[in-house]
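A.B. asks: What follows is the file entry-v3.txt, containing compact mmCIF, C-alpha atoms:
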# COMPACT_ATOMS: atom_id res chain seq x y z
CA PHE A 1070 -19.66 -30.26 -2.63
CA PHE A 1071 -22.83 -31.45 -4.34
CA THR A 1072 -22.44 -35.05 -3.17
CA SER A 1073 -21.90 -34.08 0.46
CA ALA A 1074 -24.65 -31.44 0.33
CA GLU A 1075 -27.19 -33.84 -1.15
CA SER A 1076 -26.19 -36.41 1.48
CA ALA A 1077 -26.70 -33.81 4.20
CA LEU A 1078 -30.17 -33.04 2.85
CA GLU A 1079 -31.14 -36.70 3.00
CA ASN A 1080 -29.85 -36.97 6.57
CA PHE A 1081 -31.86 -33.90 7.57
CA ARG A 1082 -35.01 -35.41 6.07
CA LEU A 1083 -34.51 -38.70 7.87
CA GLY A 1084 -33.68 -36.96 11.13
CA LEU A 1085 -36.72 -34.70 10.97
CA ALA A 1086 -38.97 -37.68 10.33
CA ARG A 1087 -37.80 -39.26 13.60
CA GLU A 1088 -37.29 -36.15 15.74
CA ASN A 1089 -40.05 -34.95 18.07
CA ASP A 1090 -38.18 -32.31 20.05
CA ALA A 1091 -39.33 -28.88 18.79
CA GLU A 1092 -36.00 -27.12 19.30
CA LYS A 1093 -34.06 -29.84 17.54
CA ARG A 1094 -36.56 -29.88 14.65
CA LEU A 1095 -36.22 -26.12 14.30
CA GLN A 1096 -32.43 -26.28 14.27
CA ALA A 1097 -32.40 -29.10 11.73
CA SER A 1098 -34.89 -27.32 9.48
CA LYS A 1099 -32.76 -24.14 9.53
CA GLU A 1100 -29.65 -26.13 8.64
CA MET A 1101 -31.53 -27.86 5.84
CA THR A 1102 -32.70 -24.61 4.22
CA THR A 1103 -29.17 -23.21 4.61
CA VAL A 1104 -27.89 -26.16 2.56
CA LEU A 1105 -30.67 -25.64 0.00
CA GLY A 1106 -29.66 -21.99 -0.30
CA ASN A 1107 -26.04 -22.91 -0.92
CA LEU A 1108 -27.04 -25.54 -3.47
CA TYR A 1109 -29.14 -22.94 -5.27
CA ILE A 1110 -26.15 -20.59 -5.42
CA GLU A 1111 -23.59 -23.19 -6.50
CA SER A 1112 -25.75 -24.89 -9.15
CA GLU A 1113 -25.76 -24.11 -12.84
CA GLU A 1114 -28.60 -21.89 -14.02
CA ASP A 1115 -30.53 -24.73 -15.68
CA SER A 1116 -30.46 -26.94 -12.58
CA ARG A 1117 -30.86 -24.57 -9.62
CA GLU A 1118 -34.66 -24.28 -9.81
CA GLN A 1119 -35.09 -27.67 -8.11
CA TYR A 1120 -33.55 -26.34 -4.89
CA LEU A 1121 -35.88 -23.36 -4.84
CA THR A 1122 -38.79 -25.77 -5.27
CA GLN A 1123 -37.47 -27.99 -2.48
CA TYR A 1124 -37.18 -24.98 -0.17
CA ARG A 1125 -40.76 -23.95 -0.89
CA ASP A 1126 -42.14 -27.46 -0.48
CA PHE A 1127 -40.20 -28.11 2.71
CA THR A 1128 -41.12 -24.84 4.44
CA SER A 1129 -44.79 -25.27 3.53
CA GLN A 1130 -44.70 -28.61 5.37
CA MET A 1131 -43.06 -27.03 8.43
CA GLY A 1132 -45.98 -24.64 9.01
CA GLN A 1133 -45.51 -21.51 11.14
CA LEU A 1134 -41.73 -21.74 11.50
CA TYR A 1135 -39.97 -18.58 10.41
CA GLY A 1136 -36.45 -19.84 11.13
CA PRO A 1137 -36.10 -21.98 7.97
CA HIS A 1138 -37.19 -19.03 5.81
CA GLU A 1139 -34.69 -16.71 7.47
CA ALA A 1140 -31.85 -19.22 7.11
CA PHE A 1141 -32.52 -19.65 3.37
CA ALA A 1142 -32.86 -15.89 2.92
CA ARG A 1143 -29.64 -15.10 4.75
CA VAL A 1144 -27.55 -17.32 2.47
CA LEU A 1145 -28.92 -15.72 -0.70
CA PHE A 1146 -28.87 -12.18 0.71
CA ASP A 1147 -25.24 -12.41 1.84
CA LYS A 1148 -24.18 -13.80 -1.54
CA ALA A 1149 -26.06 -11.05 -3.36
CA GLU A 1150 -24.44 -8.38 -1.17
CA ASP A 1151 -21.01 -9.83 -1.84
CA MET A 1152 -21.54 -9.91 -5.61
CA ARG A 1153 -23.01 -6.43 -5.69
CA SER A 1154 -20.07 -4.98 -3.77
CA MET A 1155 -17.75 -6.44 -6.42
CA LYS A 1156 -20.11 -5.37 -9.24
CA ARG A 1157 -20.32 -8.92 -10.58
CA LYS A 1158 -23.18 -10.32 -12.67
CA PRO A 1159 -26.01 -7.93 -11.72
CA GLU A 1160 -28.65 -10.13 -13.36
CA LEU A 1161 -27.59 -12.98 -11.05
CA TYR A 1162 -27.39 -11.07 -7.79
CA LYS A 1163 -30.82 -9.54 -8.52
CA ASP A 1164 -32.08 -13.11 -8.77
CA TYR A 1165 -30.60 -13.86 -5.34
CA TYR A 1166 -32.14 -10.70 -3.89
CA THR A 1167 -35.53 -11.68 -5.32
CA TYR A 1168 -35.66 -15.06 -3.58
CA ALA A 1169 -34.02 -13.74 -0.42
CA ALA A 1170 -36.81 -11.15 -0.32
CA GLU A 1171 -39.45 -13.84 -0.81
CA ALA A 1172 -38.04 -15.87 2.09
CA TYR A 1173 -37.61 -12.89 4.42
CA ALA A 1174 -41.15 -11.77 3.57
CA LYS A 1175 -42.54 -15.21 4.46
CA ALA A 1176 -40.67 -15.07 7.77
CA ALA A 1177 -41.91 -11.54 8.47
CA ASP A 1178 -45.51 -12.56 7.81
CA ILE A 1179 -45.19 -15.56 10.14
CA ARG A 1180 -43.61 -13.43 12.88
CA ARG A 1181 -46.43 -10.90 12.53
CA ASP A 1182 -49.08 -13.64 12.73
CA LEU A 1183 -47.42 -15.04 15.85
CA GLY A 1184 -47.22 -11.60 17.44
CA GLU A 1185 -43.43 -11.61 17.55
CA THR A 1186 -41.74 -8.24 17.11
CA ASP A 1187 -38.50 -8.41 15.17
CA VAL A 1188 -37.78 -5.37 13.06
CA ASN A 1189 -34.84 -6.87 11.18
CA THR A 1190 -36.82 -9.48 9.25
CA PRO A 1191 -39.22 -7.06 7.48
CA LEU A 1192 -36.33 -4.61 7.14
CA PHE A 1193 -34.21 -7.15 5.26
CA ALA A 1194 -37.24 -8.22 3.22
CA GLY A 1195 -37.72 -4.60 2.15
CA ILE A 1196 -34.04 -4.05 1.37
CA ALA A 1197 -33.86 -7.27 -0.65
CA TYR A 1198 -36.97 -6.36 -2.64
CA LEU A 1199 -35.53 -2.87 -3.19
CA ASN A 1200 -32.26 -4.26 -4.53
CA ALA A 1201 -34.24 -6.64 -6.73
CA GLU A 1202 -36.02 -3.53 -8.08
CA GLU A 1203 -39.41 -4.74 -6.87
CA PHE A 1204 -40.42 -1.45 -5.34
CA ALA A 1205 -44.04 -1.99 -4.29
CA PRO A 1206 -43.34 -5.04 -2.06
CA ALA A 1207 -40.20 -3.28 -0.81
CA ALA A 1208 -42.33 -0.40 0.46
CA LYS A 1209 -44.80 -2.84 2.04
CA TYR A 1210 -42.22 -4.59 4.21
CA LEU A 1211 -40.30 -1.42 5.03
CA ASN A 1212 -43.59 0.03 6.21
CA MET A 1213 -43.98 -3.06 8.41
CA ALA A 1214 -40.51 -2.34 9.83
CA VAL A 1215 -41.30 1.27 10.76
CA GLU A 1216 -44.55 0.17 12.37
CA LEU A 1217 -42.41 -1.95 14.69
CA ASP A 1218 -39.79 0.78 15.21
CA PRO A 1219 -40.99 4.28 14.23
CA ASN A 1220 -37.55 5.75 14.93
CA LEU A 1221 -35.68 3.51 12.49
CA GLU A 1222 -34.44 6.13 10.02
CA GLN A 1223 -32.82 3.56 7.74
CA ALA A 1224 -36.18 1.87 7.12
CA TRP A 1225 -37.92 5.20 6.57
CA PHE A 1226 -35.30 6.25 4.03
CA TYR A 1227 -35.47 2.98 2.09
CA MET A 1228 -39.26 3.23 2.17
CA GLU A 1229 -39.13 6.80 0.85
CA PHE A 1230 -36.86 5.64 -1.98
CA SER A 1231 -39.05 2.60 -2.74
CA TYR A 1232 -42.18 4.73 -3.00
CA TYR A 1233 -40.32 7.18 -5.24
CA LYS A 1234 -39.14 4.40 -7.57
CA ALA A 1235 -42.69 2.98 -7.62
CA GLU A 1236 -43.87 6.48 -8.69
CA GLN A 1237 -46.00 6.75 -5.54
CA TYR A 1238 -44.83 10.28 -4.96
CA ASP A 1239 -47.31 11.27 -2.25
CA ASP A 1240 -46.21 8.33 -0.10
CA ALA A 1241 -42.55 9.09 -0.78
CA ILE A 1242 -43.12 12.68 0.35
CA LYS A 1243 -44.91 11.56 3.53
CA ALA A 1244 -41.95 9.33 4.41
CA GLY A 1245 -39.44 12.08 3.64
CA LEU A 1246 -41.32 14.66 5.71
CA PHE A 1247 -41.49 12.24 8.65
CA ILE A 1248 -37.73 11.77 8.48
CA ASP A 1249 -37.27 15.55 8.37
CA GLN A 1250 -39.86 16.75 10.86
CA THR A 1251 -39.97 13.87 13.36
CA LEU A 1252 -36.53 12.29 13.18
CA GLY A 1253 -34.72 15.56 12.48
CA SER A 1254 -32.53 14.13 9.74
CA THR A 1255 -29.97 16.24 7.89
CA ASP A 1256 -29.16 13.51 5.37
CA PRO A 1257 -29.10 15.17 1.91
CA GLN A 1258 -30.31 11.95 0.28
CA VAL A 1259 -33.65 12.31 2.08
CA PHE A 1260 -34.16 15.75 0.60
CA GLN A 1261 -32.91 14.68 -2.81
CA ILE A 1262 -35.79 12.21 -3.03
CA LEU A 1263 -38.15 14.90 -1.72
CA TRP A 1264 -37.23 17.42 -4.41
CA GLN A 1265 -37.33 14.75 -7.09
CA SER A 1266 -40.81 13.72 -5.91
CA TYR A 1267 -42.12 17.29 -5.89
CA LYS A 1268 -40.61 17.85 -9.33
CA ALA A 1269 -42.32 14.72 -10.67
CA LYS A 1270 -45.63 15.90 -9.20
CA ALA A 1271 -45.17 19.34 -10.77
CA VAL A 1272 -44.54 17.81 -14.19
CA ALA A 1273 -47.59 15.55 -13.80
CA ALA A 1274 -49.75 18.54 -12.83
CA ASP A 1275 -48.50 20.48 -15.85
CA ASN A 1276 -49.25 17.54 -18.15
CA ALA A 1277 -52.76 17.36 -16.65
CA GLY A 1278 -53.37 21.05 -17.35
CA ASP A 1279 -53.31 22.02 -13.66
CA PRO A 1280 -51.36 25.30 -13.39
CA ALA A 1281 -52.11 25.71 -9.67
CA GLY A 1282 -50.81 22.21 -8.95
CA PHE A 1283 -47.72 22.91 -11.02
CA ALA A 1284 -47.03 26.17 -9.20
CA GLU A 1285 -47.45 24.66 -5.71
CA ASN A 1286 -45.29 21.60 -6.39
CA LYS A 1287 -42.69 23.78 -8.11
CA ARG A 1288 -42.50 25.91 -4.94
CA LEU A 1289 -42.09 22.81 -2.76
CA TYR A 1290 -39.51 21.40 -5.19
CA GLU A 1291 -37.44 24.57 -4.93
CA ASP A 1292 -37.63 24.60 -1.11
CA ALA A 1293 -36.62 20.92 -0.88
CA TYR A 1294 -33.78 21.43 -3.36
CA ILE A 1295 -32.35 24.33 -1.35
CA THR A 1296 -32.41 22.19 1.82
CA TYR A 1297 -30.79 19.30 -0.06
CA ALA A 1298 -28.05 21.53 -1.49
CA THR A 1299 -27.43 23.16 1.90
CA TYR A 1300 -27.02 19.84 3.73
CA LYS A 1301 -24.85 18.53 0.91
CA GLY A 1302 -22.61 21.57 1.22
CA LEU A 1303 -22.98 22.77 -2.37
CA ALA A 1304 -21.60 26.21 -3.11
CA ASP A 1305 -24.62 27.05 -5.27
CA VAL A 1306 -27.97 26.11 -3.70
CA THR A 1307 -30.06 27.58 -6.52
CA PRO A 1308 -32.59 25.00 -7.80
CA PRO A 1309 -32.38 24.08 -11.49
CA VAL A 1310 -35.08 26.00 -13.35
CA LEU A 1311 -38.35 24.10 -13.72
CA LEU A 1312 -40.62 25.42 -16.47
CA SER A 1313 -44.11 24.42 -17.51
CA LYS A 1314 -44.66 23.37 -21.11
CA ALA A 1315 -46.16 26.79 -21.83
CA GLU A 1316 -43.13 28.48 -20.28
CA GLU A 1317 -40.78 26.23 -22.27
CA LYS A 1318 -42.61 27.19 -25.44
CA GLU A 1319 -42.35 30.87 -24.54
CA LYS A 1320 -38.66 30.47 -23.72
CA ASP A 1321 -38.03 28.86 -27.11
CA LYS A 1322 -39.94 31.67 -28.74
CA ILE A 1323 -37.81 34.31 -27.00
CA GLU A 1324 -34.57 32.51 -27.80
CA SER A 1325 -35.53 32.39 -31.48
CA ALA A 1326 -36.39 36.12 -31.68
CA ILE A 1327 -36.19 37.44 -35.24
CA TYR A 1328 -34.42 40.64 -34.14
CA GLU A 1329 -32.89 41.86 -30.89
CA LYS A 1330 -31.12 44.99 -29.71
CA ASP A 1331 -30.57 46.64 -26.31
CA ASN A 1332 -32.82 44.18 -24.41
CA VAL A 1333 -35.70 44.56 -26.87
CA ALA A 1334 -36.56 41.38 -28.78
CA ILE A 1335 -38.92 41.14 -31.73
CA LEU A 1336 -40.54 37.74 -31.15
CA GLU A 1337 -42.72 37.63 -34.23
CA ALA A 1338 -43.82 39.82 -37.13
CA LYS A 1339 -45.64 39.32 -40.43
CA VAL A 1340 -47.37 41.22 -43.24
CA GLN A 1341 -51.12 41.50 -42.70
CA GLY A 1342 -52.84 43.61 -45.35
CA ARG A 1343 -51.65 47.18 -45.02
CA PHE A 1344 -49.70 46.52 -41.83
CA ILE A 1345 -46.75 44.65 -40.45
CA LYS A 1346 -47.97 43.26 -37.13
CA GLY A 1347 -45.94 41.58 -34.44
CA VAL A 1348 -44.88 41.25 -30.81
CA MET A 1349 -41.91 42.76 -28.99
CA LEU A 1350 -40.56 41.98 -25.51
CA ASN A 1351 -38.57 43.96 -22.98
CA LYS A 1352 -36.01 41.38 -21.80
CA GLY A 1353 -34.45 43.74 -19.27
CA THR A 1354 -35.29 44.49 -15.64
CA ALA A 1355 -36.33 48.15 -16.01
CA THR A 1356 -39.08 49.88 -17.96
CA ILE A 1357 -37.99 51.12 -21.40
CA GLU A 1358 -39.42 54.58 -22.01
CA TYR A 1359 -39.33 54.61 -25.82
CA VAL A 1360 -38.63 52.30 -28.76
CA GLU A 1361 -38.59 53.18 -32.45
CA MET A 1362 -38.30 50.42 -35.04
CA THR A 1363 -37.30 50.94 -38.69
CA ILE A 1364 -38.39 48.37 -41.28
CA ASP A 1365 -37.39 47.97 -44.95
CA LEU A 1366 -40.26 46.82 -47.19
CA LYS A 1367 -39.69 44.29 -50.00
CA ASP A 1368 -41.63 43.06 -53.03
CA ALA A 1369 -41.92 39.49 -54.29
CA THR A 1370 -38.47 39.65 -55.93
CA GLY A 1371 -36.81 40.76 -52.71
CA GLU A 1372 -36.22 44.30 -53.90
CA ILE A 1373 -36.59 47.07 -51.32
CA VAL A 1374 -39.57 49.23 -52.29
CA GLY A 1375 -39.66 51.58 -49.34
CA SER A 1376 -39.60 51.67 -45.57
CA THR A 1377 -41.85 52.20 -42.56
CA TYR A 1378 -41.47 52.57 -38.85
CA THR A 1379 -43.38 52.22 -35.61
CA GLU A 1380 -42.85 53.35 -32.05
CA LYS A 1381 -43.84 52.22 -28.57
CA GLU A 1382 -43.61 53.75 -25.13
CA ASN A 1383 -43.31 52.39 -21.59
CA LEU A 1384 -42.33 48.78 -22.27
CA ARG A 1385 -42.47 47.05 -18.89
CA PRO A 1386 -39.87 44.34 -18.16
CA GLY A 1387 -40.91 40.82 -19.09
CA VAL A 1388 -44.11 42.01 -20.77
CA GLN A 1389 -44.90 41.27 -24.41
CA THR A 1390 -46.25 44.22 -26.38
CA ARG A 1391 -48.04 44.11 -29.72
CA PHE A 1392 -47.05 46.57 -32.45
CA GLU A 1393 -48.05 47.45 -35.99
CA ALA A 1394 -46.40 49.50 -38.73
CA ALA A 1395 -48.42 50.93 -41.63
CA ILE A 1396 -47.64 50.03 -45.28
CA ILE A 1397 -48.39 52.52 -48.06
CA GLN A 1398 -47.11 50.48 -51.03
CA ASP A 1399 -49.32 47.89 -52.75
CA ASP A 1400 -46.72 45.27 -53.66
CA VAL A 1401 -45.12 44.54 -50.27
CA THR A 1402 -44.78 40.82 -49.53
CA ASP A 1403 -41.78 40.76 -47.21
CA PHE A 1404 -39.73 42.99 -44.94
CA ALA A 1405 -36.53 43.29 -42.93
CA ILE A 1406 -36.15 45.03 -39.57
CA THR A 1407 -33.12 47.27 -39.91
CA ASP A 1408 -32.87 49.12 -36.62
CA LEU A 1409 -34.23 49.63 -33.12
CA VAL A 1410 -33.72 52.89 -31.29
CA VAL A 1411 -34.11 52.30 -27.55
CA GLU A 1412 -34.30 55.16 -25.06
Here is a file; write its structure as structure tokens.

C.D. replies:
Amino acid sequence: FFTSAESALENFRLGLARENDAEKRLQASKEMTTVLGNLYIESEEDSREQYLTQYRDFTSQMGQLYGPHEAFARVLFDKAEDMRSMKRKPELYKDYYTYAAEAYAKAADIRRDLGETDVNTPLFAGIAYLNAEEFAPAAKYLNMAVELDPNLEQAWFYMEFSYYKAEQYDDAIKAGLFIDQTLGSTDPQVFQILWQSYKAKAVAADNAGDPAGFAENKRLYEDAYITYATYKGLADVTPPVLLSKAEEKEKDKIESAIYEKDNVAILEAKVQGRFIKGVMLNKGTATIEYVEMTIDLKDATGEIVGSTYTEKENLRPGVQTRFEAAIIQDDVTDFAITDLVVE
């Protein structure tokens, strides 16, 4: 293979040096870069770089010809697709996607400069960059594709995904909303990226101390998730709960309540001078008219030295209420809540 391929390369070089017909030069140059692409694929890792260099040098000499770039790209892209479908050597097929993307991108730029409209070249450049996990250039060429064909949903979707992976969430959302509102897509994958983007923006707003931004993006996340789940046909379309850091902290606090009975949780309590002071929470959905709490008082040895109690009225659901219970004894250092009467 290598002997015949190298011989073919030499024949192409000699033929191009003598050939003046533009069509024949174009055809020969495409065949030459096809051979270079195959040589790159078939060579051992430590010797394939020379064929990539030859491709770059040769195409730079050929000027504004996009055909040689597309021929080289097609060989590498098809090989990468084949390997990826069989889940073979991901580090190698990513390499093929990378250089296929480079070649398709060169061809797309030349076509643009020449005023030629071909949506497939920037589309394949974007897809190759995406599969090579180079998300910013992927978005660039997919954007070029949708400029040529605004109704190409495939390009819009890949662009949405590329922007999401590049953490450019606003751009991902714009692409997703275009697919939804203009193209009328019902593809759940479109809305999956939308809810993931809104969720990422909500988390970023929370980290930046922007509660309004968190609340708005949380609302949009929940709406997008419901649409995603509906189109996907899920039985339960309820969005997974998204909490701010403050809400997470409060949730942890509630879950670690020091005492709980009949939907009343004692979240915290401690001895402060002549009082035991703390916070209770109505975890239910209805107002609790009356609560009475009994507390055993202990000295430094852990012995019970007496008791006290406190009462509260009209505990609204979900609202934390402060309480305090008086201490008469002088030697109280600890306590134990023994009962809650809830009416």

A.B. asks: Out of A:Ala1241, A:Leu1311, A:Ile1179, A:Val1374, which residue has the shortest atom-to-atom distance to Ala1405 (chain A) when counting only C-alpha atoms?

C.D. replies: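 Looking at the shortest contact to Ala1405 (chain A), the residue is A:Val1374.
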
A.B. asks: When you draw a straight line from CA of Gln1133 (chain A) to CA of Ala1208 (chain A), how long is it in Å?

C.D. replies: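 Between CA of Gln1133 (chain A) and CA of Ala1208 (chain A) the gap works out to 23.9 Å.
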
A.B. asks: Rounded to one decimal, what separation in Å do you get between CA of Lys1330 (chain A) and CA of Ala1315 (chain A)?

C.D. replies: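 Here the two named atoms are 24.9 Å from each other.
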
A.B. asks: Could you check the closest approach to Asp1182 (chain A) for each of A:Ala1334, A:Leu1134, A:Leu1221, A:Ala1274 and tell me which residue wins, using only C-alpha atoms?

C.D. replies: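 Under the stated criterion, the closest residue is A:Leu1134.
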
A.B. asks: Restricting the calculation to all atoms listed in the file: of A:Tyr1359, A:Tyr1227, A:Tyr1290, A:Tyr1165, which residue gets closest to Val1333 (chain A)?

C.D. replies: A:Tyr1359

A.B. asks: CA of Asp1115 (chain A) and CA of Gly1195 (chain A) are how many Å apart?

C.D. replies: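 Straight-line distance from CA of Asp1115 (chain A) to CA of Gly1195 (chain A) works out to 27.8 Å.
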
A.B. asks: Excluding Gly1375 (chain A) and its own-chain neighbours fewer than 4 positions away, which residues fall within 8 Å of it when counting all atoms listed in the file? Please give them as a list in words.

C.D. replies: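 Final neighbour list, sorted by chain and number: Asp1365, Leu1366, Lys1367 and Gln1398 of chain A.
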
A.B. asks: Pick from A:Phe1392, A:Tyr1297, A:Tyr1238, A:Tyr1162: nearest to Lys1148 (chain A), with all atoms listed in the file counted?

C.D. replies: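 For Lys1148 (chain A), the nearest of the given residues is A:Tyr1162.
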
A.B. asks: Please report as a tab-separated table every residue of region 1134-1245 of chain A lying within 10 Å of region 1254-1273 of chain A, along with the nearest atom pair and their distance in Å (one decimal), using all atoms listed in the file.

C.D. replies:
residue	atom	partner	partner_atom	distance
A:Glu1222	CA	A:Ser1254	CA	8.2
A:Trp1225	CA	A:Val1259	CA	9.4
A:Phe1226	CA	A:Val1259	CA	6.6
A:Tyr1227	CA	A:Val1259	CA	9.5
A:Glu1229	CA	A:Ile1262	CA	7.4
A:Phe1230	CA	A:Ile1262	CA	6.7
A:Tyr1232	CA	A:Ser1266	CA	9.5
A:Tyr1233	CA	A:Ser1266	CA	6.6
A:Lys1234	CA	A:Ser1266	CA	9.6
A:Glu1236	CA	A:Ser1266	CA	8.3
A:Gln1237	CA	A:Ser1266	CA	8.7
A:Tyr1238	CA	A:Ser1266	CA	5.4
A:Asp1239	CA	A:Ser1266	CA	7.9
A:Asp1240	CA	A:Ser1266	CA	9.6
A:Ala1241	CA	A:Ser1266	CA	7.1
A:Ile1242	CA	A:Leu1263	CA	5.8
A:Lys1243	CA	A:Leu1263	CA	9.2
A:Ala1244	CA	A:Leu1263	CA	9.1
A:Gly1245	CA	A:Val1259	CA	6.0

A.B. asks: Show me, as a list of chain:residue names, the residues that have an atom within 8 Å of Ala1205 (chain A) when counting all atoms listed in the file, minus same-chain residues fewer than 2 positions from it.

C.D. replies: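 Within the cut-off, the hits are A:Glu1203, A:Ala1207, A:Ala1208, A:Lys1209, A:Ser1231, A:Tyr1232, A:Ala1235.
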
A.B. asks: Using all atoms listed in the file, can you tell me which of A:Ala1169, A:Leu1409, A:Ala1149, A:Val1215 comes closest to Asp1331 (chain A)?

C.D. replies: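 Smallest distance to Asp1331 (chain A) is found for A:Leu1409.
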
A.B. asks: Write out as a PyMOL selection string each polymer residue whose atoms come within 12 Å of Glu1324 (chain A), counting all atoms listed in the file; drop sequence neighbours fewer than 6 positions from it.

C.D. replies: chain A and resi 1317-1318+1334-1337+1350+1352

A.B. asks: Measuring between all atoms listed in the file, which one of A:Thr1356, A:Thr1370, A:Asp1164, A:Ala1142 shows the shortest distance to Arg1117 (chain A)?

C.D. replies: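 Nearest candidate to Arg1117 (chain A) out of A:Thr1356, A:Thr1370, A:Asp1164, A:Ala1142: A:Asp1164.
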
A.B. asks: Considering all atoms listed in the file, return as a list in words whatever protein or nucleic-acid residues lie within 12 Å of Met1131 (chain A), sequence-local ones (same chain, fewer than 2 positions apart) excluded.

C.D. replies: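 Surrounding residues, per the criterion: Arg1082, Leu1085, Ala1086, Ala1091, Arg1094, Leu1095, Ala1097, Ser1098, Lys1099, Met1101, Thr1102, Tyr1124, Arg1125, Asp1126, Phe1127, Thr1128, Ser1129, Gln1133, Leu1134, Tyr1135, Gly1136, Pro1137, His1138 and Ile1179 of chain A.
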
A.B. asks: Let's have the selection written as a PDB file, keeping the file's coordinate frame, with C-alpha atoms.

C.D. replies:
ATOM      1  CA  ARG A1082     -35.010 -35.410   6.070  1.00  0.00           C
ATOM      2  CA  LEU A1085     -36.720 -34.700  10.970  1.00  0.00           C
ATOM      3  CA  ALA A1086     -38.970 -37.680  10.330  1.00  0.00           C
ATOM      4  CA  ALA A1091     -39.330 -28.880  18.790  1.00  0.00           C
ATOM      5  CA  ARG A1094     -36.560 -29.880  14.650  1.00  0.00           C
ATOM      6  CA  LEU A1095     -36.220 -26.120  14.300  1.00  0.00           C
ATOM      7  CA  ALA A1097     -32.400 -29.100  11.730  1.00  0.00           C
ATOM      8  CA  SER A1098     -34.890 -27.320   9.480  1.00  0.00           C
ATOM      9  CA  LYS A1099     -32.760 -24.140   9.530  1.00  0.00           C
ATOM     10  CA  MET A1101     -31.530 -27.860   5.840  1.00  0.00           C
ATOM     11  CA  THR A1102     -32.700 -24.610   4.220  1.00  0.00           C
ATOM     12  CA  TYR A1124     -37.180 -24.980  -0.170  1.00  0.00           C
ATOM     13  CA  ARG A1125     -40.760 -23.950  -0.890  1.00  0.00           C
ATOM     14  CA  ASP A1126     -42.140 -27.460  -0.480  1.00  0.00           C
ATOM     15  CA  PHE A1127     -40.200 -28.110   2.710  1.00  0.00           C
ATOM     16  CA  THR A1128     -41.120 -24.840   4.440  1.00  0.00           C
ATOM     17  CA  SER A1129     -44.790 -25.270   3.530  1.00  0.00           C
ATOM     18  CA  GLN A1133     -45.510 -21.510  11.140  1.00  0.00           C
ATOM     19  CA  LEU A1134     -41.730 -21.740  11.500  1.00  0.00           C
ATOM     20  CA  TYR A1135     -39.970 -18.580  10.410  1.00  0.00           C
ATOM     21  CA  GLY A1136     -36.450 -19.840  11.130  1.00  0.00           C
ATOM     22  CA  PRO A1137     -36.100 -21.980   7.970  1.00  0.00           C
ATOM     23  CA  HIS A1138     -37.190 -19.030   5.810  1.00  0.00           C
ATOM     24  CA  ILE A1179     -45.190 -15.560  10.140  1.00  0.00           C
TER      25      ILE A1179
END

A.B. asks: Excluding same-chain residues fewer than 2 positions from Pro1309 (chain A), what lies within 9 Å of it counting only C-alpha atoms, as a list in words?

C.D. replies: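 That gives Glu1291, Tyr1294, Thr1307 and Leu1311 of chain A.
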